[in-house]
>>> print(open('model.cif').read())   # mmCIF, C-alpha atoms and all ligand atoms
data_structure
loop_
_atom_site.group_PDB
_atom_site.id
_atom_site.type_symbol
_atom_site.label_atom_id
_atom_site.label_comp_id
_atom_site.auth_asym_id
_atom_site.auth_seq_id
_atom_site.Cartn_x
_atom_site.Cartn_y
_atom_site.Cartn_z
ATOM 1 C CA MET A 1 31.962 3.763 -5.528
ATOM 2 C CA SER A 2 28.393 4.756 -6.449
ATOM 3 C CA GLU A 3 27.713 1.240 -7.785
ATOM 4 C CA THR A 4 27.927 -0.252 -4.319
ATOM 5 C CA ARG A 5 25.060 1.948 -3.093
ATOM 6 C CA ILE A 6 21.407 1.003 -3.487
ATOM 7 C CA LYS A 7 19.089 3.612 -4.957
ATOM 8 C CA ILE A 8 15.470 3.726 -3.827
ATOM 9 C CA ALA A 9 13.013 5.843 -5.832
ATOM 10 C CA ILE A 10 10.277 7.541 -3.828
ATOM 11 C CA GLN A 11 7.725 10.233 -4.630
ATOM 12 C CA LYS A 12 9.150 13.746 -4.477
ATOM 13 C CA SER A 13 6.044 15.534 -3.374
ATOM 14 C CA GLY A 14 2.604 14.027 -2.999
ATOM 15 C CA ARG A 15 0.411 11.651 -1.073
ATOM 16 C CA LEU A 16 3.095 8.949 -0.703
ATOM 17 C CA THR A 17 6.077 11.140 0.198
ATOM 18 C CA GLU A 18 5.774 11.470 3.941
ATOM 19 C CA HIS A 19 4.649 7.876 4.456
ATOM 20 C CA SER A 20 7.557 6.589 2.342
ATOM 21 C CA THR A 21 10.281 8.569 4.133
ATOM 22 C CA THR A 22 8.805 7.755 7.557
ATOM 23 C CA LEU A 23 8.702 4.047 6.682
ATOM 24 C CA LEU A 24 12.389 4.048 5.698
ATOM 25 C CA GLN A 25 13.321 6.017 8.804
ATOM 26 C CA LYS A 26 11.477 3.475 10.937
ATOM 27 C CA CYS A 27 13.627 0.825 9.213
ATOM 28 C CA GLY A 28 16.616 2.607 10.729
ATOM 29 C CA LEU A 29 17.711 4.665 7.724
ATOM 30 C CA ILE A 30 19.192 8.048 8.579
ATOM 31 C CA PHE A 31 19.494 10.258 5.513
ATOM 32 C CA SER A 32 20.562 13.801 4.860
ATOM 33 C CA GLN A 33 19.106 15.929 2.135
ATOM 34 C CA ALA A 34 20.427 19.311 1.123
ATOM 35 C CA LYS A 35 17.755 21.947 0.497
ATOM 36 C CA ASN A 36 16.020 21.464 -2.862
ATOM 37 C CA GLN A 37 18.182 18.422 -3.573
ATOM 38 C CA LEU A 38 16.476 15.462 -5.191
ATOM 39 C CA ILE A 39 18.816 12.953 -3.559
ATOM 40 C CA GLY A 40 18.769 11.839 0.076
ATOM 41 C CA TYR A 41 22.122 10.430 1.146
ATOM 42 C CA GLY A 42 21.932 7.445 3.520
ATOM 43 C CA GLU A 43 24.376 8.102 6.335
ATOM 44 C CA ASN A 44 24.263 4.762 8.131
ATOM 45 C CA MET A 45 23.411 2.357 5.278
ATOM 46 C CA PRO A 46 24.631 2.114 1.646
ATOM 47 C CA ILE A 47 21.232 3.397 0.504
ATOM 48 C CA ASP A 48 20.342 6.638 -1.292
ATOM 49 C CA LEU A 49 16.875 8.021 -1.919
ATOM 50 C CA MET A 50 15.906 9.483 -5.284
ATOM 51 C CA PHE A 51 12.973 11.903 -5.052
ATOM 52 C CA VAL A 52 11.041 11.759 -8.321
ATOM 53 C CA ARG A 53 7.506 11.954 -9.751
ATOM 54 C CA ASP A 54 5.599 8.804 -8.878
ATOM 55 C CA ASP A 55 4.961 8.029 -12.563
ATOM 56 C CA ASP A 56 8.740 7.776 -13.171
ATOM 57 C CA ILE A 57 9.358 5.221 -10.401
ATOM 58 C CA PRO A 58 8.599 2.010 -12.355
ATOM 59 C CA ASP A 59 10.692 3.278 -15.318
ATOM 60 C CA LEU A 60 13.695 4.001 -13.100
ATOM 61 C CA ILE A 61 13.608 0.417 -11.857
ATOM 62 C CA GLN A 62 12.890 -0.991 -15.304
ATOM 63 C CA GLU A 63 16.020 0.802 -16.559
ATOM 64 C CA ASN A 64 18.021 -0.432 -13.551
ATOM 65 C CA LEU A 65 18.774 3.128 -12.430
ATOM 66 C CA CYS A 66 17.159 2.349 -9.069
ATOM 67 C CA SER A 67 16.904 -1.074 -7.412
ATOM 68 C CA LEU A 68 13.824 -0.385 -5.294
ATOM 69 C CA GLY A 69 10.887 1.994 -5.351
ATOM 70 C CA ILE A 70 7.756 2.841 -3.405
ATOM 71 C CA VAL A 71 4.739 3.590 -5.592
ATOM 72 C CA GLY A 72 1.003 2.981 -5.855
ATOM 73 C CA LYS A 73 0.023 -0.393 -7.292
ATOM 74 C CA ASN A 74 -2.082 1.565 -9.808
ATOM 75 C CA VAL A 75 0.984 3.274 -11.316
ATOM 76 C CA ALA A 76 3.114 0.118 -11.170
ATOM 77 C CA LEU A 77 0.482 -2.119 -12.768
ATOM 78 C CA GLU A 78 -0.188 0.368 -15.569
ATOM 79 C CA LYS A 79 3.527 0.268 -16.409
ATOM 80 C CA LYS A 80 3.814 -3.487 -15.936
ATOM 81 C CA ILE A 81 1.123 -4.171 -18.558
ATOM 82 C CA ALA A 82 3.020 -1.992 -21.059
ATOM 83 C CA MET A 83 6.312 -3.673 -20.195
ATOM 84 C CA ASP A 84 4.895 -7.198 -20.340
ATOM 85 C CA ASN A 85 4.032 -6.437 -23.963
ATOM 86 C CA SER A 86 7.481 -5.001 -24.752
ATOM 87 C CA LYS A 87 10.520 -6.854 -26.152
ATOM 88 C CA GLN A 88 12.533 -6.870 -22.928
ATOM 89 C CA GLY A 89 9.534 -7.660 -20.708
ATOM 90 C CA CYS A 90 8.876 -6.287 -17.246
ATOM 91 C CA LEU A 91 12.057 -6.024 -15.152
ATOM 92 C CA PHE A 92 10.483 -5.244 -11.788
ATOM 93 C CA SER A 93 8.418 -7.250 -9.328
ATOM 94 C CA PHE A 94 5.901 -6.381 -6.611
ATOM 95 C CA GLU A 95 7.702 -7.127 -3.387
ATOM 96 C CA GLU A 96 5.436 -5.979 -0.577
ATOM 97 C CA ASN A 97 2.103 -4.216 -0.026
ATOM 98 C CA LEU A 98 2.349 -1.309 2.422
ATOM 99 C CA ASN A 99 -0.235 0.148 4.772
ATOM 100 C CA PHE A 100 -0.731 3.519 3.107
ATOM 101 C CA GLY A 101 -1.886 4.993 -0.215
ATOM 102 C CA GLN A 102 -5.162 3.052 -0.165
ATOM 103 C CA CYS A 103 -7.455 3.981 -3.065
ATOM 104 C CA ARG A 104 -9.617 2.374 -5.739
ATOM 105 C CA LEU A 105 -9.576 2.680 -9.492
ATOM 106 C CA THR A 106 -13.268 2.787 -10.364
ATOM 107 C CA PHE A 107 -15.580 3.595 -13.227
ATOM 108 C CA ALA A 108 -17.895 6.558 -12.721
ATOM 109 C CA TYR A 109 -20.905 7.762 -14.671
ATOM 110 C CA PRO A 110 -22.463 11.247 -14.983
ATOM 111 C CA GLU A 111 -25.546 11.519 -12.777
ATOM 112 C CA SER A 112 -27.382 13.140 -15.684
ATOM 113 C CA SER A 113 -26.719 10.208 -18.043
ATOM 114 C CA SER A 114 -28.448 6.843 -18.303
ATOM 115 C CA TYR A 115 -25.141 4.950 -18.002
ATOM 116 C CA ARG A 116 -24.750 3.038 -14.747
ATOM 117 C CA SER A 117 -22.561 0.072 -15.694
ATOM 118 C CA ILE A 118 -19.750 -0.720 -18.144
ATOM 119 C CA TYR A 119 -22.257 -2.939 -19.960
ATOM 120 C CA ASP A 120 -24.144 0.251 -20.941
ATOM 121 C CA LEU A 121 -21.033 1.603 -22.684
ATOM 122 C CA GLU A 122 -20.717 -0.597 -25.790
ATOM 123 C CA GLY A 123 -19.233 1.595 -28.549
ATOM 124 C CA LYS A 124 -18.878 4.576 -26.180
ATOM 125 C CA THR A 125 -15.739 6.251 -24.770
ATOM 126 C CA ILE A 126 -14.130 6.148 -21.316
ATOM 127 C CA ALA A 127 -11.542 8.692 -20.162
ATOM 128 C CA THR A 128 -8.788 7.532 -17.802
ATOM 129 C CA SER A 129 -5.166 8.043 -16.783
ATOM 130 C CA TYR A 130 -4.788 4.247 -16.687
ATOM 131 C CA PRO A 131 -5.519 3.133 -20.265
ATOM 132 C CA ASN A 132 -3.593 -0.167 -20.054
ATOM 133 C CA ILE A 133 -5.364 -1.351 -16.892
ATOM 134 C CA VAL A 134 -8.767 -0.253 -18.183
ATOM 135 C CA LYS A 135 -8.312 -1.767 -21.666
ATOM 136 C CA LYS A 136 -7.217 -5.084 -20.134
ATOM 137 C CA PHE A 137 -10.240 -5.072 -17.807
ATOM 138 C CA LEU A 138 -12.680 -4.327 -20.642
ATOM 139 C CA LYS A 139 -11.066 -6.934 -22.889
ATOM 140 C CA GLU A 140 -11.428 -9.593 -20.193
ATOM 141 C CA LYS A 141 -15.138 -8.727 -20.012
ATOM 142 C CA GLY A 142 -15.367 -8.941 -23.811
ATOM 143 C CA LEU A 143 -16.547 -5.324 -24.083
ATOM 144 C CA ASN A 144 -16.039 -3.062 -27.026
ATOM 145 C CA VAL A 145 -15.471 0.351 -25.445
ATOM 146 C CA TYR A 146 -13.038 3.079 -26.568
ATOM 147 C CA VAL A 147 -10.490 4.286 -24.054
ATOM 148 C CA THR A 148 -9.081 7.796 -24.251
ATOM 149 C CA GLN A 149 -6.084 8.832 -22.162
ATOM 150 C CA PHE A 150 -6.290 11.871 -19.869
ATOM 151 C CA SER A 151 -3.275 12.791 -17.765
ATOM 152 C CA GLY A 152 -5.200 14.928 -15.287
ATOM 153 C CA ALA A 153 -8.671 16.282 -14.474
ATOM 154 C CA VAL A 154 -10.277 13.080 -15.741
ATOM 155 C CA GLU A 155 -13.494 14.039 -13.889
ATOM 156 C CA LEU A 156 -14.021 16.840 -16.403
ATOM 157 C CA ALA A 157 -13.988 14.574 -19.469
ATOM 158 C CA PRO A 158 -17.779 13.949 -19.599
ATOM 159 C CA SER A 159 -18.700 17.630 -19.202
ATOM 160 C CA LEU A 160 -16.106 18.522 -21.850
ATOM 161 C CA GLY A 161 -17.838 16.069 -24.171
ATOM 162 C CA LYS A 162 -14.676 13.943 -24.439
ATOM 163 C CA ALA A 163 -16.118 10.743 -22.958
ATOM 164 C CA GLU A 164 -19.370 9.187 -21.756
ATOM 165 C CA ALA A 165 -17.797 7.899 -18.530
ATOM 166 C CA ILE A 166 -14.501 7.865 -16.654
ATOM 167 C CA CYS A 167 -12.282 5.464 -14.753
ATOM 168 C CA ASP A 168 -10.308 7.207 -12.026
ATOM 169 C CA LEU A 169 -8.749 6.907 -8.563
ATOM 170 C CA VAL A 170 -11.054 7.423 -5.635
ATOM 171 C CA SER A 171 -10.510 7.247 -1.905
ATOM 172 C CA THR A 172 -13.457 8.932 -0.201
ATOM 173 C CA GLY A 173 -15.558 9.469 -3.311
ATOM 174 C CA ASN A 174 -15.990 13.188 -2.572
ATOM 175 C CA THR A 175 -14.343 14.349 -5.800
ATOM 176 C CA LEU A 176 -16.809 12.243 -7.788
ATOM 177 C CA LYS A 177 -19.762 13.751 -5.901
ATOM 178 C CA VAL A 178 -18.511 17.292 -6.501
ATOM 179 C CA HIS A 179 -18.431 16.543 -10.244
ATOM 180 C CA ASN A 180 -21.879 14.883 -10.213
ATOM 181 C CA LEU A 181 -20.465 11.460 -10.982
ATOM 182 C CA ILE A 182 -21.793 8.157 -9.653
ATOM 183 C CA GLN A 183 -19.305 5.482 -8.705
ATOM 184 C CA GLY A 184 -19.490 2.210 -10.609
ATOM 185 C CA GLU A 185 -17.432 -1.001 -10.872
ATOM 186 C CA VAL A 186 -14.061 -1.184 -9.091
ATOM 187 C CA VAL A 187 -11.221 -2.152 -11.422
ATOM 188 C CA LEU A 188 -8.404 -2.227 -8.857
ATOM 189 C CA ASP A 189 -8.017 -1.904 -5.092
ATOM 190 C CA SER A 190 -4.713 -0.107 -4.837
ATOM 191 C CA VAL A 191 -2.188 0.503 -2.083
ATOM 192 C CA ALA A 192 1.421 1.697 -1.995
ATOM 193 C CA THR A 193 3.828 -1.140 -2.815
ATOM 194 C CA VAL A 194 7.546 -1.816 -2.807
ATOM 195 C CA LEU A 195 8.867 -2.554 -6.288
ATOM 196 C CA ARG A 196 12.210 -4.184 -6.830
ATOM 197 C CA SER A 197 14.427 -4.782 -9.807
ATOM 198 C CA THR A 198 14.439 -8.365 -11.070
ATOM 199 C CA GLN A 199 17.887 -7.866 -12.607
ATOM 200 C CA VAL A 200 20.906 -9.604 -11.082
ATOM 201 C CA LEU A 201 22.424 -7.460 -8.332
ATOM 202 C CA SER A 202 25.664 -7.898 -6.398
ATOM 203 C CA ASP A 203 25.596 -10.150 -3.313
ATOM 204 C CA SER A 204 26.070 -7.203 -0.972
ATOM 205 C CA LYS A 205 23.173 -5.278 -2.572
ATOM 206 C CA GLU A 206 20.992 -8.392 -2.383
ATOM 207 C CA ALA A 207 21.840 -8.778 1.295
ATOM 208 C CA TRP A 208 20.926 -5.143 2.057
ATOM 209 C CA ILE A 209 17.683 -5.383 0.080
ATOM 210 C CA LYS A 210 16.734 -8.569 1.939
ATOM 211 C CA LYS A 211 17.467 -6.887 5.266
ATOM 212 C CA LEU A 212 15.515 -3.767 4.337
ATOM 213 C CA ILE A 213 12.488 -5.740 3.148
ATOM 214 C CA GLU A 214 12.495 -7.760 6.369
ATOM 215 C CA ARG A 215 12.551 -4.517 8.345
ATOM 216 C CA ILE A 216 9.725 -3.047 6.234
ATOM 217 C CA ASN A 217 7.739 -6.175 7.001
ATOM 218 C CA GLY A 218 8.435 -5.698 10.704
ATOM 219 C CA VAL A 219 7.403 -2.032 10.615
ATOM 220 C CA ILE A 220 4.092 -2.858 8.938
ATOM 221 C CA GLN A 221 3.322 -5.696 11.314
ATOM 222 C CA VAL A 222 4.187 -3.608 14.336
ATOM 223 C CA SER A 223 1.990 -0.701 13.265
ATOM 224 C CA GLU A 224 -1.078 -2.915 13.473
ATOM 225 C CA SER A 225 0.038 -5.054 16.407
ATOM 226 C CA LYS A 226 -0.642 -4.444 20.076
ATOM 227 C CA TYR A 227 0.609 -6.028 23.281
ATOM 228 C CA ILE A 228 -2.360 -6.944 25.465
ATOM 229 C CA MET A 229 -2.174 -7.714 29.165
ATOM 230 C CA MET A 230 -5.092 -8.783 31.359
ATOM 231 C CA HIS A 231 -6.147 -10.831 34.332
ATOM 232 C CA ALA A 232 -8.442 -13.696 33.390
ATOM 233 C CA PRO A 233 -9.959 -16.918 34.715
ATOM 234 C CA LYS A 234 -7.575 -19.806 34.017
ATOM 235 C CA ASP A 235 -10.249 -21.731 32.092
ATOM 236 C CA SER A 236 -10.962 -18.849 29.659
ATOM 237 C CA LEU A 237 -7.629 -19.040 27.758
ATOM 238 C CA GLN A 238 -9.141 -20.780 24.743
ATOM 239 C CA LYS A 239 -11.903 -18.163 24.445
ATOM 240 C CA ILE A 240 -9.366 -15.339 24.794
ATOM 241 C CA THR A 241 -7.271 -16.539 21.834
ATOM 242 C CA GLU A 242 -10.449 -16.987 19.794
ATOM 243 C CA LEU A 243 -11.421 -13.366 20.482
ATOM 244 C CA LEU A 244 -7.996 -11.915 19.617
ATOM 245 C CA PRO A 245 -7.210 -12.346 15.910
ATOM 246 C CA GLY A 246 -3.645 -13.081 14.802
ATOM 247 C CA THR A 247 -2.309 -14.022 18.229
ATOM 248 C CA GLU A 248 0.308 -16.652 18.912
ATOM 249 C CA ALA A 249 0.445 -18.771 22.090
ATOM 250 C CA PRO A 250 -0.252 -16.456 25.036
ATOM 251 C CA THR A 251 2.158 -16.045 27.937
ATOM 252 C CA VAL A 252 0.367 -17.144 31.130
ATOM 253 C CA LEU A 253 1.725 -15.999 34.505
ATOM 254 C CA PRO A 254 0.542 -16.935 37.985
ATOM 255 C CA LEU A 255 -0.979 -14.231 40.187
ATOM 256 C CA GLU A 256 -0.182 -13.902 43.885
ATOM 257 C CA GLY A 257 -2.941 -15.193 46.199
ATOM 258 C CA THR A 258 -5.140 -16.985 43.624
ATOM 259 C CA ASN A 259 -5.012 -20.149 41.596
ATOM 260 C CA THR A 260 -8.137 -19.581 39.523
ATOM 261 C CA THR A 261 -7.069 -16.271 37.939
ATOM 262 C CA VAL A 262 -3.900 -15.758 35.859
ATOM 263 C CA ALA A 263 -2.175 -12.878 34.075
ATOM 264 C CA VAL A 264 -2.315 -13.311 30.285
ATOM 265 C CA HIS A 265 -0.004 -11.463 27.848
ATOM 266 C CA VAL A 266 -0.504 -11.710 24.091
ATOM 267 C CA VAL A 267 0.740 -9.988 20.943
ATOM 268 C CA CYS A 268 -2.246 -9.322 18.708
ATOM 269 C CA LYS A 269 -1.284 -8.711 15.070
ATOM 270 C CA GLU A 270 -4.521 -7.108 14.021
ATOM 271 C CA THR A 271 -6.329 -3.939 15.046
ATOM 272 C CA VAL A 272 -7.856 -4.280 18.499
ATOM 273 C CA PHE A 273 -11.326 -2.735 18.656
ATOM 274 C CA TRP A 274 -13.315 -1.645 21.722
ATOM 275 C CA GLU A 275 -15.781 -4.438 20.922
ATOM 276 C CA THR A 276 -12.971 -6.997 21.356
ATOM 277 C CA LEU A 277 -12.076 -5.592 24.787
ATOM 278 C CA GLU A 278 -15.737 -5.650 25.795
ATOM 279 C CA GLY A 279 -15.857 -9.289 24.652
ATOM 280 C CA LEU A 280 -12.842 -10.098 26.832
ATOM 281 C CA LYS A 281 -14.514 -8.471 29.804
ATOM 282 C CA LYS A 282 -17.641 -10.528 29.200
ATOM 283 C CA ILE A 283 -15.690 -13.789 29.534
ATOM 284 C CA GLY A 284 -14.253 -12.666 32.853
ATOM 285 C CA ALA A 285 -11.097 -10.719 31.965
ATOM 286 C CA SER A 286 -10.237 -7.593 33.987
ATOM 287 C CA SER A 287 -7.450 -4.965 34.188
ATOM 288 C CA ILE A 288 -7.105 -5.129 30.404
ATOM 289 C CA LEU A 289 -4.200 -3.048 29.065
ATOM 290 C CA VAL A 290 -3.472 -2.486 25.353
ATOM 291 C CA VAL A 291 0.044 -1.243 24.660
ATOM 292 C CA PRO A 292 1.552 -0.177 21.303
ATOM 293 C CA LEU A 293 4.694 -1.965 20.102
ATOM 294 C CA GLU A 294 7.912 -0.277 19.026
ATOM 295 C CA LYS A 295 9.754 -2.957 17.009
ATOM 296 C CA MET A 296 9.094 -6.553 15.979
ATOM 297 C CA LEU A 297 11.326 -9.135 14.302
ATOM 298 C CA MET A 298 9.639 -12.465 13.634
HETATM 299 P P1 LIG B 301 3.278 13.261 -8.996
HETATM 300 O O1 LIG B 301 3.542 14.713 -8.997
HETATM 301 O O2 LIG B 301 4.332 12.504 -8.223
HETATM 302 O O3 LIG B 301 3.034 12.680 -10.369
HETATM 303 P P2 LIG B 301 0.462 12.644 -8.515
HETATM 304 O O4 LIG B 301 -0.375 13.855 -8.545
HETATM 305 O O5 LIG B 301 0.448 11.708 -9.677
HETATM 306 O O6 LIG B 301 1.969 13.075 -8.134
HETATM 307 P P3 LIG B 301 -0.648 11.912 -5.889
HETATM 308 O O7 LIG B 301 -1.956 12.606 -6.030
HETATM 309 O O8 LIG B 301 0.313 12.385 -4.872
HETATM 310 O O9 LIG B 301 0.123 11.717 -7.291
HETATM 311 O O10 LIG B 301 -0.988 10.376 -5.630
HETATM 312 C C1 LIG B 301 0.038 9.409 -5.508
HETATM 313 C C2 LIG B 301 -0.591 8.054 -5.300
HETATM 314 O O11 LIG B 301 -1.363 8.060 -4.102
HETATM 315 C C3 LIG B 301 -1.584 7.592 -6.353
HETATM 316 O O12 LIG B 301 -0.951 7.072 -7.513
HETATM 317 C C4 LIG B 301 -2.348 6.519 -5.599
HETATM 318 O O13 LIG B 301 -1.610 5.305 -5.596
HETATM 319 C C5 LIG B 301 -2.371 7.055 -4.176
HETATM 320 N N1 LIG B 301 -3.685 7.642 -3.767
HETATM 321 C C6 LIG B 301 -4.285 7.442 -2.573
HETATM 322 N N2 LIG B 301 -5.467 8.078 -2.500
HETATM 323 C C7 LIG B 301 -5.647 8.709 -3.645
HETATM 324 C C8 LIG B 301 -6.691 9.541 -4.167
HETATM 325 N N3 LIG B 301 -7.782 9.849 -3.487
HETATM 326 N N4 LIG B 301 -6.510 10.052 -5.404
HETATM 327 C C9 LIG B 301 -5.405 9.793 -6.090
HETATM 328 N N5 LIG B 301 -4.401 8.991 -5.642
HETATM 329 C C10 LIG B 301 -4.514 8.446 -4.449
HETATM 330 ZN ZN ZN B 302 1.837 11.090 -10.838
#
>>> encode(input="model.cif", output="structure tokens", more="lines below")
Ligand code: ATP
Ligand code: ZN
Amino acid sequence: MSETRIKIAIQKSGRLTEHSTTLLQKCGLIFSQAKNQLIGYGENMPIDLMFVRDDDIPDLIQENLCSLGIVGKNVALEKKIAMDNSKQGCLFSFEENLNFGQCRLTFAYPESSSYRSIYDLEGKTIATSYPNIVKKFLKEKGLNVYVTQFSGAVELAPSLGKAEAICDLVSTGNTLKVHNLIQGEVVLDSVATVLRSTQVLSDSKEAWIKKLIERINGVIQVSESKYIMMHAPKDSLQKITELLPGTEAPTVLPLEGTNTTVAVHVVCKETVFWETLEGLKKIGASSILVVPLEKMLM
């Protein structure tokens, strides 16, 4: 019975949790979760959610205990490098980048030191929670730098005398500033991703996974897309599509009482800024409406 259900691993409590559950709910999944239970039972799809620490997500897929997972690229890549070097190889693939969990894995140097680049660190030590990613990066640059693994509070490593520099996750950079660290080279631009098992699954599981991934794709596209309606001079259609990125052929409708102005409707798949609307106005558009979209299936 349980084998016919798909298990998806998501973070139990942290930066990715709310985004991950909301994403799956927007894909139509209704799940119930008893208080303090680490399993969410899918009521309308053969899908169950496993709430775990983010670091365990790639392993659960690697061991085929879960078929899908949502985790930062940083965590997944760190594991992938280890698995690529193992006997069985890596048994998960990166299926889809999501639109949350954005951060960067970057080097950082103490303000009080003379180090400002990885090239200043020959023979020195770097502290990080991502030793595989960092070692691979340094090796590709041909640098001889020691890497020491820290599982938390990496920012403290230089003041504890454990390392000359660090390589850690940053989003705003405030944590670095607080610890008097200066940001250096970026090793990885990370974002939450969907991981999936590369092992052979039953046809019905494959079909559900395909459907879910298509819906995830739709949810992401729709979150950035807008429906734009405006009145515009008939001869400005070309300029309008040039101004609106990611649009397909616009719908053009006649307007009562004029044959020089038309109503134009377009789906714009990228963020629409005020500057874009001002640009539309400049080429003669008026009554411009920007409406959010609810669902999209391409
Ligand atoms: P867990 O208890 O599940 O191990 P954690 O403390 O390792 O949680 P979080 O701090 O919740 O994890 O971060 C989860 C993921 O969010 C990170 O692996 C990263 O992909 C992403 N992320 C986004 N912004 C940041 C940031 N400023 N610092 C750290 N991680 C970030
Ligand atoms: Zn973690």
>>> axis_aligned_box(input="model.cif", around="ligand LIG 301 (chain B)", padding_each_side="6 Å", output="JSON")
{"center_x": -1.7, "center_y": 10.0, "center_z": -6.4, "size_x": 24.1, "size_y": 21.4, "size_z": 19.9}
>>> atom_distance(input="model.cif", atom1="CA of Thr258 in chain A", atom2="CA of Gly246 in chain A")
29.1 Å
>>> closest_residue(input="model.cif", among="A:Gly161, A:Gly14, A:Gly173, A:Gly69", to="Asp48 in chain A", atoms="all atoms listed in the file")
A:Gly69
>>> residues_near_ligand(input="model.cif", ligand="ligand ZN 302 (chain B)", cutoff="12 Å", atoms="only C-alpha atoms and all ligand atoms", output="CSV table (one decimal) with C-alpha atoms, in the coordinates of the input")
chain,number,residue,atom,x,y,z
A,10,ILE,CA,10.3,7.5,-3.8
A,11,GLN,CA,7.7,10.2,-4.6
A,12,LYS,CA,9.2,13.7,-4.5
A,13,SER,CA,6.0,15.5,-3.4
A,14,GLY,CA,2.6,14.0,-3.0
A,15,ARG,CA,0.4,11.7,-1.1
A,16,LEU,CA,3.1,8.9,-0.7
A,17,THR,CA,6.1,11.1,0.2
A,52,VAL,CA,11.0,11.8,-8.3
A,53,ARG,CA,7.5,12.0,-9.8
A,54,ASP,CA,5.6,8.8,-8.9
A,55,ASP,CA,5.0,8.0,-12.6
A,56,ASP,CA,8.7,7.8,-13.2
A,57,ILE,CA,9.4,5.2,-10.4
A,58,PRO,CA,8.6,2.0,-12.4
A,71,VAL,CA,4.7,3.6,-5.6
A,72,GLY,CA,1.0,3.0,-5.9
A,74,ASN,CA,-2.1,1.6,-9.8
A,75,VAL,CA,1.0,3.3,-11.3
A,76,ALA,CA,3.1,0.1,-11.2
A,78,GLU,CA,-0.2,0.4,-15.6
A,129,SER,CA,-5.2,8.0,-16.8
A,130,TYR,CA,-4.8,4.2,-16.7
A,151,SER,CA,-3.3,12.8,-17.8
A,152,GLY,CA,-5.2,14.9,-15.3
A,169,LEU,CA,-8.7,6.9,-8.6
>>> closest_residue(input="model.cif", among="A:Thr106, A:Asn144, A:Ser114, A:Gln238", to="ligand LIG 301 (chain B)", atoms="only C-alpha atoms and all ligand atoms")
A:Thr106
>>> atom_distance(input="model.cif", atom1="CA of Val147 in chain A", atom2="CA of Ala165 in chain A")
9.8 Å
>>> residues_around(input="model.cif", residues="Thr276 in chain A", least_positions_apart="3", cutoff="12 Å", atoms="all atoms listed in the file", output="list in words")
Ile228, Lys239, Ile240, Thr241, Glu242, Leu243, Leu244, Pro245, Cys268, Glu270, Thr271, Val272, Phe273, Gly279, Leu280, Lys281, Lys282, Ile283, Ala285, Ile288 and Val290 of chain A
>>> residues_near_point(input="model.cif", point="(-4.1, -13.6, 28.6)", cutoff="7 Å", atoms="all atoms listed in the file", output="ChimeraX atom specification")
/A:229-232,237,240,250-252,263-266
>>> atom_distance(input="model.cif", atom1="CA of Met296 in chain A", atom2="CA of Gln221 in chain A")
7.5 Å
>>> closest_residue(input="model.cif", among="A:Asn36, A:Ser171, A:Thr260, A:Ser20", to="ligand LIG 301 (chain B)", atoms="all atoms listed in the file")
A:Ser171
>>> closest_residue(input="model.cif", among="A:Leu91, A:Leu29, A:Cys167, A:Leu277", to="ligand LIG 301 (chain B)", atoms="only C-alpha atoms and all ligand atoms")
A:Cys167
>>> residues_around(input="model.cif", residues="range 116-125 of chain A", least_positions_apart="4", cutoff="8 Å", atoms="all atoms listed in the file", output="ChimeraX atom specification")
/A:107-109,143-148,162-165,182,184-185
>>> closest_residue(input="model.cif", among="A:Asp84, A:Glu278, A:Glu18, A:Glu111", to="Ile70 in chain A", atoms="all atoms listed in the file")
A:Glu18
>>> closest_atom_pairs(input="model.cif", of="range 220-278 of chain A", to="range 94-105 of chain A", cutoff="10 Å", atoms="only C-alpha atoms", output="CSV")
residue,atom,partner,partner_atom,distance
A:Ile220,CA,A:Asn99,CA,6.7
A:Gln221,CA,A:Asn99,CA,9.5
A:Ser223,CA,A:Asn99,CA,8.8
A:Glu224,CA,A:Asn99,CA,9.3
>>> closest_residue(input="model.cif", among="A:Ala192, A:Cys90, A:Ile61, A:Leu38", to="ligand LIG 301 (chain B)", atoms="only C-alpha atoms and all ligand atoms")
A:Ala192
>>> build_atoms(input="model.cif", residues="range 49-54 of chain A", atoms="N, CA, C and O atoms", output="mmCIF file, in the coordinates of the input")
data_model
loop_
_atom_site.group_PDB
_atom_site.id
_atom_site.type_symbol
_atom_site.label_atom_id
_atom_site.label_comp_id
_atom_site.auth_asym_id
_atom_site.auth_seq_id
_atom_site.Cartn_x
_atom_site.Cartn_y
_atom_site.Cartn_z
ATOM 1 N N LEU A 49 18.257 7.835 -1.482
ATOM 2 C CA LEU A 49 16.875 8.021 -1.919
ATOM 3 C C LEU A 49 16.850 8.983 -3.105
ATOM 4 O O LEU A 49 17.521 10.014 -3.089
ATOM 5 N N MET A 50 16.081 8.620 -4.120
ATOM 6 C CA MET A 50 15.906 9.483 -5.284
ATOM 7 C C MET A 50 14.474 10.017 -5.224
ATOM 8 O O MET A 50 13.524 9.221 -5.247
ATOM 9 N N PHE A 51 14.316 11.311 -5.136
ATOM 10 C CA PHE A 51 12.973 11.903 -5.052
ATOM 11 C C PHE A 51 12.517 12.271 -6.452
ATOM 12 O O PHE A 51 13.116 13.136 -7.093
ATOM 13 N N VAL A 52 11.487 11.592 -6.924
ATOM 14 C CA VAL A 52 11.041 11.759 -8.321
ATOM 15 C C VAL A 52 9.509 11.794 -8.391
ATOM 16 O O VAL A 52 8.835 11.540 -7.392
ATOM 17 N N ARG A 53 8.966 12.048 -9.577
ATOM 18 C CA ARG A 53 7.506 11.954 -9.751
ATOM 19 C C ARG A 53 7.102 10.489 -9.670
ATOM 20 O O ARG A 53 7.813 9.624 -10.182
ATOM 21 N N ASP A 54 5.964 10.213 -9.079
ATOM 22 C CA ASP A 54 5.599 8.804 -8.878
ATOM 23 C C ASP A 54 5.525 8.023 -10.195
ATOM 24 O O ASP A 54 5.898 6.868 -10.260
#
